[in-house]
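Next comes protein.txt, a file with compact mmCIF, C-alpha atoms.
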```
# COMPACT_ATOMS: atom_id res chain seq x y z
CA MET A 1 0.00 0.00 0.00
CA GLY A 2 1.42 3.42 -0.99
CA LYS A 3 2.20 6.12 1.58
CA LYS A 4 -0.51 8.33 0.10
CA LYS A 5 -3.15 5.62 0.58
CA VAL A 6 -2.05 5.03 4.18
CA MET A 7 -2.29 8.77 4.86
CA HIS A 8 -5.78 8.91 3.33
CA LYS A 9 -7.02 6.07 5.51
CA LEU A 10 -5.29 7.32 8.63
CA SER A 11 -6.63 10.85 8.24
CA PHE A 12 -10.17 9.51 7.73
CA LEU A 13 -9.89 7.42 10.91
CA ILE A 14 -8.65 10.42 12.88
CA ILE A 15 -11.56 12.55 11.61
CA LEU A 16 -14.01 9.77 12.51
CA LEU A 17 -12.61 9.39 16.04
CA PHE A 18 -12.55 13.16 16.51
CA ALA A 19 -16.19 13.46 15.38
CA TRP A 20 -17.13 10.66 17.79
CA GLU A 21 -15.36 12.33 20.69
CA VAL A 22 -16.93 15.72 19.95
CA THR A 23 -20.41 14.12 19.84
CA ALA A 24 -19.77 12.18 23.04
CA TYR A 25 -18.62 15.24 24.97
CA SER A 26 -21.25 17.57 23.52
CA GLY A 27 -23.90 15.94 25.71
CA THR A 28 -26.31 15.56 22.79
CA TYR A 29 -26.84 11.91 23.79
CA PRO A 30 -26.67 10.35 27.25
CA GLU A 31 -23.31 8.81 28.12
CA ALA A 32 -24.95 5.42 28.57
CA LEU A 33 -25.82 5.43 24.85
CA PHE A 34 -22.86 7.32 23.44
CA PRO A 35 -19.76 6.71 25.60
CA SER A 36 -16.48 8.55 25.10
CA LEU A 37 -13.48 6.94 23.41
CA GLU A 38 -11.70 6.83 26.74
CA ALA A 39 -14.57 4.87 28.31
CA ILE A 40 -14.57 2.43 25.40
CA LEU A 41 -10.80 1.91 25.57
CA VAL A 42 -10.89 1.39 29.36
CA LYS A 43 -13.72 -1.12 28.87
CA PHE A 44 -11.76 -2.88 26.12
CA TYR A 45 -8.77 -3.18 28.47
CA MET A 46 -10.97 -4.46 31.31
CA MET A 47 -12.56 -7.03 29.00
CA VAL A 48 -9.12 -8.28 27.94
CA ILE A 49 -8.08 -8.63 31.61
CA ASN A 50 -11.33 -9.79 33.26
CA ASP A 51 -13.56 -11.26 30.55
CA ASN A 52 -11.00 -13.30 28.62
CA LEU A 53 -11.64 -11.33 25.41
CA PHE A 54 -8.75 -13.02 23.59
CA GLY A 55 -10.01 -16.46 24.66
CA LYS A 56 -13.48 -15.67 23.31
CA ALA A 57 -11.99 -14.35 20.06
CA LEU A 58 -9.85 -17.47 19.68
CA TYR A 59 -12.87 -19.68 20.30
CA SER A 60 -14.86 -17.87 17.60
CA ILE A 61 -11.94 -17.91 15.15
CA SER A 62 -11.30 -21.63 15.72
CA ILE A 63 -14.89 -22.47 14.73
CA VAL A 64 -14.67 -20.44 11.53
CA ILE A 65 -11.30 -21.95 10.59
CA ALA A 66 -12.55 -25.51 11.23
CA SER A 67 -15.66 -24.83 9.12
CA ILE A 68 -13.70 -23.26 6.25
CA THR A 69 -11.33 -26.25 6.26
CA ILE A 70 -14.34 -28.57 5.90
CA SER A 71 -15.71 -26.35 3.09
CA LEU A 72 -12.37 -26.40 1.29
CA ILE A 73 -12.12 -30.18 1.44
CA LEU A 74 -15.74 -30.51 0.24
CA SER A 75 -15.16 -28.01 -2.59
CA VAL A 76 -12.09 -29.85 -3.86
CA LEU A 77 -13.93 -33.18 -3.65
CA MET A 78 -16.93 -31.74 -5.51
CA ILE A 79 -14.68 -30.36 -8.26
CA VAL A 80 -12.78 -33.63 -8.62
CA ILE A 81 -16.02 -35.65 -8.81
CA GLY A 82 -17.50 -33.01 -11.15
CA ASN A 83 -14.53 -33.50 -13.49
CA PHE A 84 -15.44 -37.16 -13.85
CA SER A 85 -19.24 -36.83 -13.81
CA GLU A 86 -21.12 -34.19 -15.75
CA TYR A 87 -24.31 -35.27 -13.94
CA PHE A 88 -22.72 -34.46 -10.58
CA LYS A 89 -21.37 -31.13 -11.82
CA ASP A 90 -24.73 -30.05 -13.22
CA ASN A 91 -26.44 -30.88 -9.93
CA ALA A 92 -23.77 -29.17 -7.87
CA GLU A 93 -24.63 -26.06 -9.90
CA VAL A 94 -28.33 -26.56 -9.08
CA MET A 95 -27.49 -26.92 -5.37
CA ASN A 96 -25.35 -23.79 -5.57
CA SER A 97 -28.24 -21.82 -7.11
CA ILE A 98 -30.59 -23.02 -4.37
CA ALA A 99 -28.31 -22.80 -1.35
CA SER A 100 -26.09 -19.84 -2.15
CA PRO A 101 -28.75 -17.10 -1.75
CA LEU A 102 -29.91 -18.57 1.59
CA PRO A 103 -28.27 -16.68 4.46
CA GLY A 104 -26.85 -18.97 7.15
CA ILE A 105 -29.13 -17.41 9.72
CA ALA A 106 -32.21 -18.32 7.63
CA ILE A 107 -31.55 -22.04 7.96
CA LEU A 108 -30.83 -21.70 11.67
CA PRO A 109 -34.31 -22.84 12.88
CA LEU A 110 -34.04 -26.00 10.77
CA VAL A 111 -30.50 -26.67 11.96
CA ILE A 112 -31.55 -26.25 15.59
CA LEU A 113 -34.32 -28.80 15.01
CA TRP A 114 -31.83 -31.21 13.46
CA PHE A 115 -28.78 -30.78 15.69
CA GLY A 116 -29.97 -28.74 18.67
CA ILE A 117 -27.98 -25.84 20.08
CA SER A 118 -24.57 -27.33 19.63
CA ARG A 119 -21.17 -26.76 18.11
CA THR A 120 -22.22 -29.08 15.26
CA SER A 121 -25.03 -26.68 14.39
CA MET A 122 -22.61 -23.75 14.34
CA VAL A 123 -20.19 -25.61 12.07
CA PHE A 124 -23.05 -26.75 9.81
CA ILE A 125 -24.28 -23.20 9.29
CA ILE A 126 -20.81 -21.79 8.70
CA VAL A 127 -20.00 -24.60 6.25
CA HIS A 128 -23.24 -23.69 4.44
CA ALA A 129 -22.18 -20.01 4.40
CA THR A 130 -18.65 -20.72 3.14
CA LEU A 131 -18.93 -23.78 0.90
CA TRP A 132 -20.85 -22.26 -2.01
CA PRO A 133 -18.75 -19.17 -2.66
CA LEU A 134 -15.59 -21.23 -2.33
CA TRP A 135 -16.83 -23.99 -4.65
CA SER A 136 -18.16 -21.47 -7.14
CA GLN A 137 -14.87 -19.54 -7.30
CA LEU A 138 -12.74 -22.67 -7.54
CA SER A 139 -15.01 -24.37 -10.04
CA LEU A 140 -14.90 -21.39 -12.43
CA SER A 141 -11.15 -21.24 -12.04
CA VAL A 142 -10.69 -24.93 -12.81
CA ASP A 143 -12.97 -24.60 -15.86
CA ARG A 144 -10.82 -21.74 -17.12
CA ILE A 145 -7.64 -23.75 -16.59
CA ASN A 146 -9.22 -26.73 -18.37
CA ARG A 147 -10.17 -24.63 -21.40
CA ARG A 148 -6.76 -23.08 -21.63
CA PHE A 149 -4.41 -25.92 -20.79
CA SER A 150 -6.15 -29.28 -21.37
CA ARG A 151 -4.77 -29.63 -24.92
CA PHE A 152 -1.29 -28.85 -23.61
CA ILE A 153 -1.67 -31.39 -20.77
CA HIS A 154 -2.80 -34.12 -23.18
CA ALA A 155 -0.34 -33.32 -25.96
CA PHE A 156 2.64 -33.35 -23.60
CA LYS A 157 1.29 -36.26 -21.55
CA ILE A 158 1.71 -34.33 -18.30
CA SER A 159 1.09 -36.76 -15.42
CA GLN A 160 -1.92 -36.27 -13.10
CA ARG A 161 0.36 -35.58 -10.14
CA LYS A 162 2.33 -32.97 -12.07
CA SER A 163 -0.72 -31.31 -13.58
CA PHE A 164 -2.53 -31.24 -10.23
CA TYR A 165 0.20 -29.19 -8.59
CA HIS A 166 1.93 -27.30 -11.42
CA VAL A 167 -1.14 -26.50 -13.51
CA TYR A 168 -4.28 -26.72 -11.38
CA TYR A 169 -3.05 -25.77 -7.91
CA LEU A 170 -0.73 -22.97 -9.00
CA GLY A 171 -3.17 -21.80 -11.68
CA THR A 172 -6.12 -21.59 -9.32
CA LYS A 173 -4.13 -20.19 -6.38
CA PRO A 174 -5.25 -16.55 -6.82
CA ASP A 175 -8.89 -17.70 -7.09
CA LEU A 176 -8.43 -20.03 -4.14
CA ILE A 177 -7.23 -17.10 -2.05
CA THR A 178 -10.13 -14.94 -3.26
CA GLY A 179 -12.57 -17.77 -2.47
CA LEU A 180 -11.10 -18.17 1.03
CA GLN A 181 -11.29 -14.43 1.53
CA ILE A 182 -15.00 -14.37 0.63
CA SER A 183 -15.59 -17.48 2.75
CA TRP A 184 -13.81 -15.97 5.70
CA SER A 185 -15.94 -12.82 5.69
CA ARG A 186 -19.17 -14.77 5.14
CA GLY A 187 -18.24 -17.35 7.78
CA TRP A 188 -17.17 -14.73 10.30
CA ARG A 189 -20.43 -12.79 9.91
CA ALA A 190 -22.51 -15.97 10.14
CA LEU A 191 -20.69 -17.05 13.28
CA ILE A 192 -21.23 -13.76 15.12
CA SER A 193 -24.95 -13.90 14.29
CA ILE A 194 -25.24 -17.51 15.46
CA GLU A 195 -23.35 -16.81 18.70
CA MET A 196 -25.76 -13.98 19.49
CA ILE A 197 -28.64 -16.43 19.23
CA PHE A 198 -27.02 -19.51 20.74
CA GLY A 199 -25.32 -17.90 23.75
CA MET A 200 -23.32 -20.52 25.59
CA VAL A 201 -22.50 -23.73 23.76
CA GLY A 202 -20.97 -26.28 26.12
CA ASN A 203 -18.90 -24.24 28.55
CA GLN A 204 -17.72 -21.60 26.10
CA THR A 205 -19.04 -18.41 24.57
CA GLY A 206 -17.71 -16.32 21.71
CA LEU A 207 -17.63 -12.68 20.72
CA GLY A 208 -21.20 -12.69 19.38
CA TRP A 209 -22.65 -13.60 22.76
CA LEU A 210 -20.31 -11.15 24.46
CA ILE A 211 -21.80 -8.13 22.62
CA TYR A 212 -25.34 -9.44 23.05
CA GLU A 213 -24.75 -9.85 26.79
CA ARG A 214 -23.37 -6.29 27.01
CA ARG A 215 -26.58 -4.97 25.47
CA MET A 216 -28.65 -6.76 28.10
CA TYR A 217 -26.61 -5.04 30.84
CA MET A 218 -26.91 -1.71 28.98
CA ASP A 219 -23.11 -1.62 28.85
CA THR A 220 -22.72 0.40 25.61
CA ALA A 221 -18.97 0.97 26.06
CA GLY A 222 -18.48 -2.80 26.47
CA LEU A 223 -20.72 -3.47 23.47
CA ILE A 224 -18.67 -1.11 21.28
CA ALA A 225 -15.43 -2.61 22.63
CA GLY A 226 -16.79 -6.02 21.59
CA LEU A 227 -17.62 -4.70 18.11
CA ILE A 228 -14.08 -3.32 17.85
CA ALA A 229 -12.72 -6.75 18.80
CA ILE A 230 -14.85 -8.38 16.06
CA ALA A 231 -13.63 -5.87 13.47
CA ILE A 232 -10.01 -6.28 14.56
CA CYS A 233 -10.24 -10.09 14.19
CA GLY A 234 -11.70 -9.71 10.68
CA ILE A 235 -9.08 -7.19 9.55
CA PHE A 236 -6.23 -9.12 11.18
CA PHE A 237 -7.13 -12.38 9.46
CA GLU A 238 -7.69 -10.79 6.07
CA SER A 239 -4.33 -9.02 6.11
CA LEU A 240 -2.41 -11.90 7.69
CA PHE A 241 -3.53 -14.80 5.54
CA PHE A 242 -4.75 -13.30 2.32
CA ARG A 243 -2.00 -10.79 1.59
CA SER A 244 -0.41 -13.16 -0.98
CA LYS A 245 -3.27 -12.45 -3.42
CA THR A 246 -2.11 -8.86 -3.70
CA MET A 247 1.38 -10.17 -4.26
CA GLU A 248 0.28 -12.48 -7.06
CA VAL A 249 -1.63 -9.74 -8.83
CA ALA A 250 1.33 -7.38 -8.45
CA HIS A 251 3.57 -10.05 -9.85
CA GLY A 252 1.58 -10.01 -13.08
CA THR A 253 1.66 -13.78 -13.26
CA THR A 254 -1.95 -14.71 -12.84
CA ASP A 255 -3.36 -13.98 -16.27
CA MET B 1 13.38 -39.96 -47.50
CA GLY B 2 11.77 -42.37 -44.99
CA GLN B 3 8.13 -42.33 -44.21
CA LEU B 4 7.15 -41.58 -40.60
CA ILE B 5 3.35 -41.55 -40.70
CA GLU B 6 0.82 -42.76 -43.21
CA ILE B 7 -2.88 -42.03 -43.12
CA ARG B 8 -5.19 -44.29 -45.10
CA ASN B 9 -8.90 -43.90 -45.81
CA LEU B 10 -9.47 -41.46 -42.99
CA LYS B 11 -13.09 -40.65 -42.31
CA LYS B 12 -13.92 -38.06 -39.71
CA THR B 13 -17.17 -36.33 -38.94
CA PHE B 14 -17.73 -33.47 -36.53
CA ASN B 15 -21.19 -32.26 -35.51
CA ASN B 16 -22.71 -34.37 -38.32
CA GLU B 17 -20.48 -32.64 -40.85
CA VAL B 18 -18.04 -34.79 -42.83
CA LEU B 19 -14.57 -33.29 -42.50
CA PHE B 20 -12.60 -36.11 -44.14
CA ASP B 21 -13.83 -38.92 -46.34
CA ASN B 22 -11.32 -41.45 -47.64
CA PHE B 23 -8.51 -39.04 -46.98
CA ASN B 24 -4.95 -40.31 -47.56
CA MET B 25 -1.62 -38.68 -46.85
CA MET B 26 1.90 -39.45 -45.69
CA ILE B 27 4.45 -37.60 -43.66
CA ASN B 28 8.11 -38.07 -44.52
CA GLU B 29 11.25 -37.63 -42.51
CA ASN B 30 13.10 -34.32 -42.58
CA GLU B 31 10.42 -32.18 -44.17
CA ILE B 32 8.24 -29.23 -43.33
CA LEU B 33 4.81 -30.38 -44.39
CA VAL B 34 2.26 -27.61 -44.51
CA LEU B 35 -1.44 -28.44 -44.24
CA MET B 36 -3.29 -25.57 -45.80
CA GLY B 37 -6.91 -24.63 -46.13
CA PRO B 38 -9.56 -22.17 -45.02
CA SER B 39 -10.71 -21.90 -41.41
CA GLY B 40 -13.04 -24.65 -40.20
CA ILE B 41 -12.03 -27.15 -42.87
CA GLY B 42 -10.53 -29.53 -40.29
CA LYS B 43 -6.79 -28.74 -40.35
CA SER B 44 -6.43 -28.66 -36.58
CA THR B 45 -8.59 -31.79 -36.29
CA LEU B 46 -6.22 -33.58 -38.66
CA LEU B 47 -3.26 -32.40 -36.58
CA ASN B 48 -4.99 -33.71 -33.44
CA ILE B 49 -5.48 -37.08 -35.14
CA ILE B 50 -1.82 -37.20 -36.18
CA GLY B 51 -0.79 -36.21 -32.63
CA GLN B 52 -3.05 -38.88 -31.06
CA LEU B 53 -5.22 -36.30 -29.30
CA ASP B 54 -8.30 -37.41 -31.24
CA ASP B 55 -9.11 -41.08 -31.80
CA ASP B 56 -12.72 -40.63 -32.84
CA TYR B 57 -12.32 -41.50 -36.54
CA THR B 58 -12.35 -44.43 -38.92
CA GLY B 59 -9.47 -45.40 -41.17
CA THR B 60 -5.85 -46.14 -40.36
CA VAL B 61 -3.02 -44.00 -39.10
CA MET B 62 0.26 -45.91 -39.21
CA TYR B 63 3.28 -44.72 -37.32
CA ASP B 64 6.93 -45.69 -37.76
CA PRO B 65 7.88 -47.26 -34.39
CA ILE B 66 10.99 -45.08 -34.39
CA LEU B 67 8.71 -42.17 -33.40
CA PHE B 68 8.11 -43.75 -30.00
CA GLU B 69 11.53 -45.24 -29.20
CA GLY B 70 12.74 -43.89 -25.86
CA ILE B 71 10.60 -40.78 -26.19
CA GLN B 72 8.20 -39.57 -23.45
CA VAL B 73 6.34 -37.13 -25.69
CA PRO B 74 6.31 -38.41 -29.27
CA PHE B 75 4.11 -35.62 -30.68
CA PRO B 76 4.88 -32.28 -29.07
CA PHE B 77 2.59 -29.47 -30.17
CA ILE B 78 3.24 -25.82 -30.69
CA PHE B 79 -0.11 -24.16 -30.31
CA GLN B 80 -1.75 -21.23 -32.00
CA GLU B 81 -2.31 -19.54 -28.67
CA PHE B 82 0.98 -18.90 -26.97
CA ASP B 83 -1.03 -18.45 -23.79
CA SER B 84 -0.72 -22.20 -23.34
CA ILE B 85 2.58 -21.21 -21.73
CA LEU B 86 2.04 -21.36 -17.95
CA PRO B 87 2.04 -17.73 -16.71
CA TRP B 88 3.07 -18.70 -13.17
CA LYS B 89 6.22 -20.49 -14.33
CA THR B 90 9.46 -18.99 -15.58
CA VAL B 91 10.78 -19.73 -19.07
CA GLU B 92 13.02 -22.46 -17.65
CA GLU B 93 10.23 -24.00 -15.57
CA ASN B 94 7.86 -23.96 -18.56
CA ILE B 95 10.35 -26.02 -20.53
CA ARG B 96 11.28 -28.34 -17.65
CA ILE B 97 7.66 -29.30 -16.94
CA VAL B 98 7.12 -31.27 -20.16
CA ARG B 99 9.74 -33.98 -19.62
CA ASP B 100 11.25 -35.80 -16.67
CA GLY B 101 15.00 -36.03 -16.23
CA ILE B 102 16.04 -33.00 -18.28
CA THR B 103 19.75 -32.34 -17.69
CA THR B 104 21.17 -28.83 -17.31
CA GLU B 105 23.13 -29.32 -20.54
CA GLU B 106 20.00 -30.25 -22.47
CA LEU B 107 18.15 -27.27 -21.09
CA ASP B 108 21.01 -24.86 -21.84
CA GLN B 109 21.23 -26.22 -25.38
CA VAL B 110 17.51 -25.75 -26.04
CA LEU B 111 17.45 -22.28 -24.45
CA LYS B 112 20.34 -21.28 -26.73
CA MET B 113 18.57 -22.74 -29.77
CA VAL B 114 15.52 -20.61 -29.11
CA SER B 115 17.65 -17.62 -28.04
CA LEU B 116 16.14 -17.43 -24.59
CA ASP B 117 19.18 -18.30 -22.49
CA GLU B 118 19.34 -14.76 -21.11
CA HIS B 119 15.64 -14.76 -20.28
CA ARG B 120 15.40 -18.14 -18.56
CA ASN B 121 14.28 -16.70 -15.23
CA LYS B 122 11.64 -14.37 -16.66
CA TYR B 123 7.90 -14.94 -16.42
CA PRO B 124 5.74 -14.98 -19.60
CA ALA B 125 4.25 -11.61 -18.61
CA GLU B 126 7.72 -10.15 -19.02
CA LEU B 127 8.18 -11.54 -22.57
CA SER B 128 7.07 -10.36 -26.01
CA GLY B 129 4.68 -12.45 -28.12
CA GLY B 130 7.54 -13.77 -30.23
CA MET B 131 9.55 -14.74 -27.17
CA LYS B 132 6.54 -16.53 -25.71
CA GLN B 133 6.16 -18.51 -28.91
CA ARG B 134 9.87 -19.38 -28.73
CA VAL B 135 9.22 -20.78 -25.23
CA GLY B 136 6.58 -22.98 -26.90
CA ILE B 137 9.12 -24.08 -29.49
CA GLY B 138 11.73 -24.75 -26.78
CA ARG B 139 9.16 -26.76 -24.85
CA ALA B 140 8.57 -28.90 -27.94
CA LEU B 141 12.28 -29.28 -28.75
CA ILE B 142 13.22 -30.50 -25.26
CA CYS B 143 11.01 -33.55 -25.90
CA LYS B 144 13.64 -34.72 -28.42
CA SER B 145 10.98 -36.24 -30.60
CA ARG B 146 11.36 -36.73 -34.34
CA ILE B 147 8.35 -34.66 -35.23
CA LEU B 148 6.85 -31.30 -34.24
CA LEU B 149 3.20 -30.45 -34.75
CA MET B 150 2.49 -26.75 -35.19
CA ASP B 151 -1.08 -25.47 -35.13
CA GLU B 152 -1.09 -22.01 -36.75
CA PRO B 153 1.79 -21.11 -34.47
CA PHE B 154 2.33 -17.56 -35.63
CA GLY B 155 -1.31 -16.53 -36.06
CA SER B 156 -1.33 -14.09 -33.18
CA LEU B 157 1.95 -12.31 -34.00
CA ASP B 158 2.55 -9.16 -35.99
CA ARG B 159 3.94 -9.41 -39.54
CA GLU B 160 7.54 -8.67 -38.69
CA MET B 161 7.65 -11.10 -35.79
CA ARG B 162 5.95 -13.74 -37.95
CA ARG B 163 8.66 -13.41 -40.61
CA LYS B 164 11.44 -13.67 -38.04
CA LEU B 165 9.96 -16.77 -36.44
CA GLN B 166 9.18 -18.40 -39.80
CA ASP B 167 12.85 -18.05 -40.80
CA PHE B 168 13.88 -19.20 -37.35
CA VAL B 169 11.82 -22.40 -37.63
CA VAL B 170 13.09 -23.13 -41.16
CA GLU B 171 16.70 -22.74 -39.96
CA LEU B 172 15.96 -24.88 -36.91
CA GLN B 173 14.55 -27.62 -39.12
CA LYS B 174 17.63 -27.55 -41.36
CA GLU B 175 19.91 -27.75 -38.32
CA THR B 176 18.10 -30.55 -36.53
CA GLY B 177 16.51 -32.50 -39.39
CA ILE B 178 13.31 -32.73 -37.38
CA THR B 179 10.05 -33.27 -39.25
CA ILE B 180 7.55 -30.48 -38.90
CA VAL B 181 3.85 -30.68 -39.70
CA MET B 182 2.35 -27.23 -39.71
CA VAL B 183 -1.20 -26.03 -40.12
CA THR B 184 -1.80 -22.60 -41.60
CA HIS B 185 -4.29 -20.70 -43.71
CA ASP B 186 -1.67 -18.19 -44.82
CA HIS B 187 -0.38 -18.72 -48.42
CA ASP B 188 2.78 -16.68 -47.87
CA GLU B 189 3.65 -18.63 -44.76
CA ALA B 190 3.06 -21.94 -46.50
CA GLU B 191 5.27 -21.01 -49.46
CA ARG B 192 7.97 -19.49 -47.29
CA MET B 193 8.27 -22.45 -44.95
CA GLY B 194 6.93 -25.60 -46.51
CA THR B 195 9.00 -28.19 -48.31
CA ARG B 196 5.66 -29.77 -49.22
CA ILE B 197 2.16 -28.32 -49.08
CA ILE B 198 -1.11 -30.27 -48.88
CA MET B 199 -4.27 -28.34 -49.67
CA ILE B 200 -7.25 -29.54 -47.68
```

Would you give me this structure, written as C-alpha cells?
Amino acid sequence: MGKKKVMHKLSFLIILLFAWEVTAYSGTYPEALFPSLEAILVKFYMMVINDNLFGKALYSISIVIASITISLILSVLMIVIGNFSEYFKDNAEVMNSIASPLPGIAILPLVILWFGISRTSMVFIIVHATLWPLWSQLSLSVDRINRRFSRFIHAFKISQRKSFYHVYYLGTKPDLITGLQISWSRGWRALISIEMIFGMVGNQTGLGWLIYERRMYMDTAGLIAGLIAIAICGIFFESLFFRSKTMEVAHGTTD
Amino acid sequence: MGQLIEIRNLKKTFNNEVLFDNFNMMINENEILVLMGPSGIGKSTLLNIIGQLDDDYTGTVMYDPILFEGIQVPFPFIFQEFDSILPWKTVEENIRIVRDGITTEELDQVLKMVSLDEHRNKYPAELSGGMKQRVGIGRALICKSRILLMDEPFGSLDREMRRKLQDFVVELQKETGITIVMVTHDHDEAERMGTRIIMI
C-alpha cells in the first residue's frame, strides 16, 4: 500500500474518532448510549483482563477456521467428482443456485431442530455459508484452466500428479485465495450472528454472545469494545492470511 | 526420405459434418509439411489425429515405431495460442515441466537454440509475443521427438515477428533435421516455410 493511501485512511480514521469524541462530549446523547473513546478503551482493556476477550476471540476464530477447512475439502472433492461426472457437476450447480442465496441465519431454525444448540449446528451453518462461494470460485477457475491448458496437458502427456500441482493448484491459487477471503468474511459474519442467538454452547461463549450480553446489561462501552474486537479479528485475518493475493496480482503472473 | 506416418482412408465427422472422407496422406522424414486450407475445414482436427489427441475416426493412421523409441512425448505441439505457456512459471520451468530427467546441458542447449538463455528466469508476462512462442518451441524441442506439430503457431503475431519466427523455424529444421507438420491458412507462410504443401 502506498504512503498516500495510508495517509488517506489514517486521516479519515482520525476525523471519525474526533467526530465521535466531539459528539460524546457535547452531551447531545446520554453517556450510557454514546460513551467517550476513553470509556470504550478502558472497557476494552478491562474485558481483555477480566472477561477473557482473547479467549473468546480465539474460540470464535477456531470455529470459523474448522468450518472453512471442511468447506475447502468438500469443494475440492466436488470439483474432482465433477470432473469425472457431468451429472454431478450439473447438480452441484443446481445446489449452488438453491443454497447460495440462503443466508446462514435463515436455515438456523431448521439446523436447531436437526442438531440442537450445539457446536455441530454452528459448524453446519458456517459450512453452508462458506462452501458455495468457495466452490463457485474454484469451479470457475478450474474450468478456465481446463479450457486453456487441457490440450497442452494431453499433448505433452503431463502426469496427473504434475498437472494437479503445477497446472491446477498454481493456476487456481489466486482464485483459491479470493474464495477463502469471501468465505472468511461470510463465515465470520454468520458465526457472530449464530453466537448472538445460541449464547453458551458447552462451557464456552464467543464474541457474538459477548456483545449481546453487554446490550442486556446496557453496557454500551463494552458493546462497542466487543464490536471493535470483532472488526479487529476480521481485519487481522484478512491481512495476515490473504496478503499473498495482492502479491500475485502485483507479480503479473496470474493472467 | 523415410516415411514416418501414413494415413489411409481417414473418415472423420464433426457435428454431423463430414470433415474427411477417404482421406490419404503421408508424412516423410526431414520435411516441413504444410497443411493448408480455409478456417473450419478440419486442419487442426487432422493435426490432433496425427498427434493422437483425437481417436474418434475411422481409417488407419500408421506410425513408424521409431517415433516412440525412448521418447516420453512423441508428438509435441506448438499451439496457436501462446497463452498455453504457464504464466506462473518462468521460461526455464515452462520447458522443464514437459519432460522428466532433463539435464542442465539439455536445457542450456535448447534455451540457446531458441535464443532465450538470457531470459530463462523471466515470467511470460515479461516476454514479447515472439519470445513466448519461442518458449513454446523450446518446450517442444526438449522432448527430443522426431516430429513437431504446429497449429497455426504464428497466427497471433505481428507481420515482422511472424517473418522472423518463420525463418527461425526453417533454420531450426535444417539444423536438426526434425520433421515439422504445420497447419496454416496463410499462403505466404506456406510457401515461405513448406517443403511440401497439402491443400485440404

Checklist entry - Leaving out region 18-34 of chain A and any residue of its chain fewer than 5 positions from it, which residues lie within 8 Å of it when counting only C-alpha atoms, given as a ChimeraX atom specification? => result /A:218-221

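Using all atoms listed in the file for every distance, the candidate list A:Val167, A:Leu207, A:Ile126, A:Ala231 yields A:Val167 as the residue closest to Ile153 (chain A).
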
Checklist entry - Quick one, how far is CA of Met216 (chain A) from CA of Phe44 (chain A)? => result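 Interatomic distance, CA of Met216 (chain A) to CA of Phe44 (chain A): 17.4 Å.
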
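With only C-alpha atoms as the atoms that count, the residue of A:Ala106, A:Leu170, A:Ile79, A:Ile197 with the shortest distance to chain B is A:Leu170.
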
Checklist entry - With only C-alpha atoms as the atoms that count, which of A:Val42, A:Ile145, A:Ile230, A:Leu77 lies nearest to Tyr168 (chain A)? => result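 Answer, going by the shortest atom-to-atom distance: A:Ile145.
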
Item to check | Shell of 12 Å around Thr104 (chain B), only C-alpha atoms, local chain residues under 3 positions omitted, as a list in words | outcome: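 Everything that qualifies: Glu92, Ile95, Arg96, Gly101, Leu107, Asp108, Gln109, Val110, Leu111, Asp117 and Ile142 of chain B.
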
Please produce a file of the residues just selected, as a tab-separated table (two decimals), keeping the file's coordinate frame, where the atoms kept are C-alpha atoms.
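The new file again_23.tsv reads:
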```tsv
chain	number	residue	atom	x	y	z
B	92	GLU	CA	13.02	-22.46	-17.65
B	95	ILE	CA	10.35	-26.02	-20.53
B	96	ARG	CA	11.28	-28.34	-17.65
B	101	GLY	CA	15.00	-36.03	-16.23
B	107	LEU	CA	18.15	-27.27	-21.09
B	108	ASP	CA	21.01	-24.86	-21.84
B	109	GLN	CA	21.23	-26.22	-25.38
B	110	VAL	CA	17.51	-25.75	-26.04
B	111	LEU	CA	17.45	-22.28	-24.45
B	117	ASP	CA	19.18	-18.30	-22.49
B	142	ILE	CA	13.22	-30.50	-25.26
```

Checklist entry - Got a sec: who's within 7 Å of Asp175 (chain A), counting all atoms listed in the file, leaving out chain neighbours fewer than 6 positions off, as JSON, numbers by chain? => result {"A": [137, 138, 141]}

With C-alpha atoms retained, export the selected residues as a PDB file, keeping the file's coordinate frame.
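Written file, again10.pdb:
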```
ATOM      1  CA  GLN A 137     -14.870 -19.540  -7.300  1.00  0.00           C
ATOM      2  CA  LEU A 138     -12.740 -22.670  -7.540  1.00  0.00           C
ATOM      3  CA  SER A 141     -11.150 -21.240 -12.040  1.00  0.00           C
TER       4      SER A 141
END
```

Item to check | Atom-to-atom span, CA of Asn16 (chain B) and CA of Gln80 (chain B), Å | outcome: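 Between CA of Asn16 (chain B) and CA of Gln80 (chain B) the gap is 25.5 Å.
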
Checklist outcome for this item: Counting all atoms listed in the file, closest pick from B:Asp186, B:Asp21, B:Glu118, B:Asp151 relative to chain A is B:Asp151

Checklist entry - Quick one: residues within 12 Å of region 24-28 of chain B, only C-alpha atoms counted, chain neighbours fewer than 4 positions away excluded, as an MDAnalysis selection string? => result chainID B and resid 1:11 20 32:35 46:47 50 59:64 67 146:149 177:182 195:200

Checklist entry - If you count only C-alpha atoms, which residues fall within 8 Å of region 152-160 of chain B, apart from same-chain ones fewer than 6 positions away, as a VMD selection string? => result chain B and resid 78 to 82 129 to 130 133 182 to 185

Checklist entry - Do you have the CA of Ala39 (chain A)-CA of Trp188 (chain A) distance handy? => result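 Calculated distance between CA of Ala39 (chain A) and CA of Trp188 (chain A) is 26.7 Å.
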
Next on the checklist: Distance cut-off 9 Å, counting only C-alpha atoms - which residues of chain B neighbour chain A? Return them as a PyMOL selection string.
Outcome noted: chain B and resi 48+51-53+72-79+83-89+97-99+123-126+140+143

Item to check | For Met122 (chain A), the nearest of the candidates A:Tyr59, A:Gly187, A:Ile194, A:Asp51, counting all atoms listed in the file | outcome: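 Closest to Met122 (chain A) of all the choices is A:Ile194.
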
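Distances here use all atoms listed in the file; by that measure, the residue among B:Asp55, B:Thr176, B:Glu189, B:Met36 closest to Lys164 (chain B) is B:Glu189.
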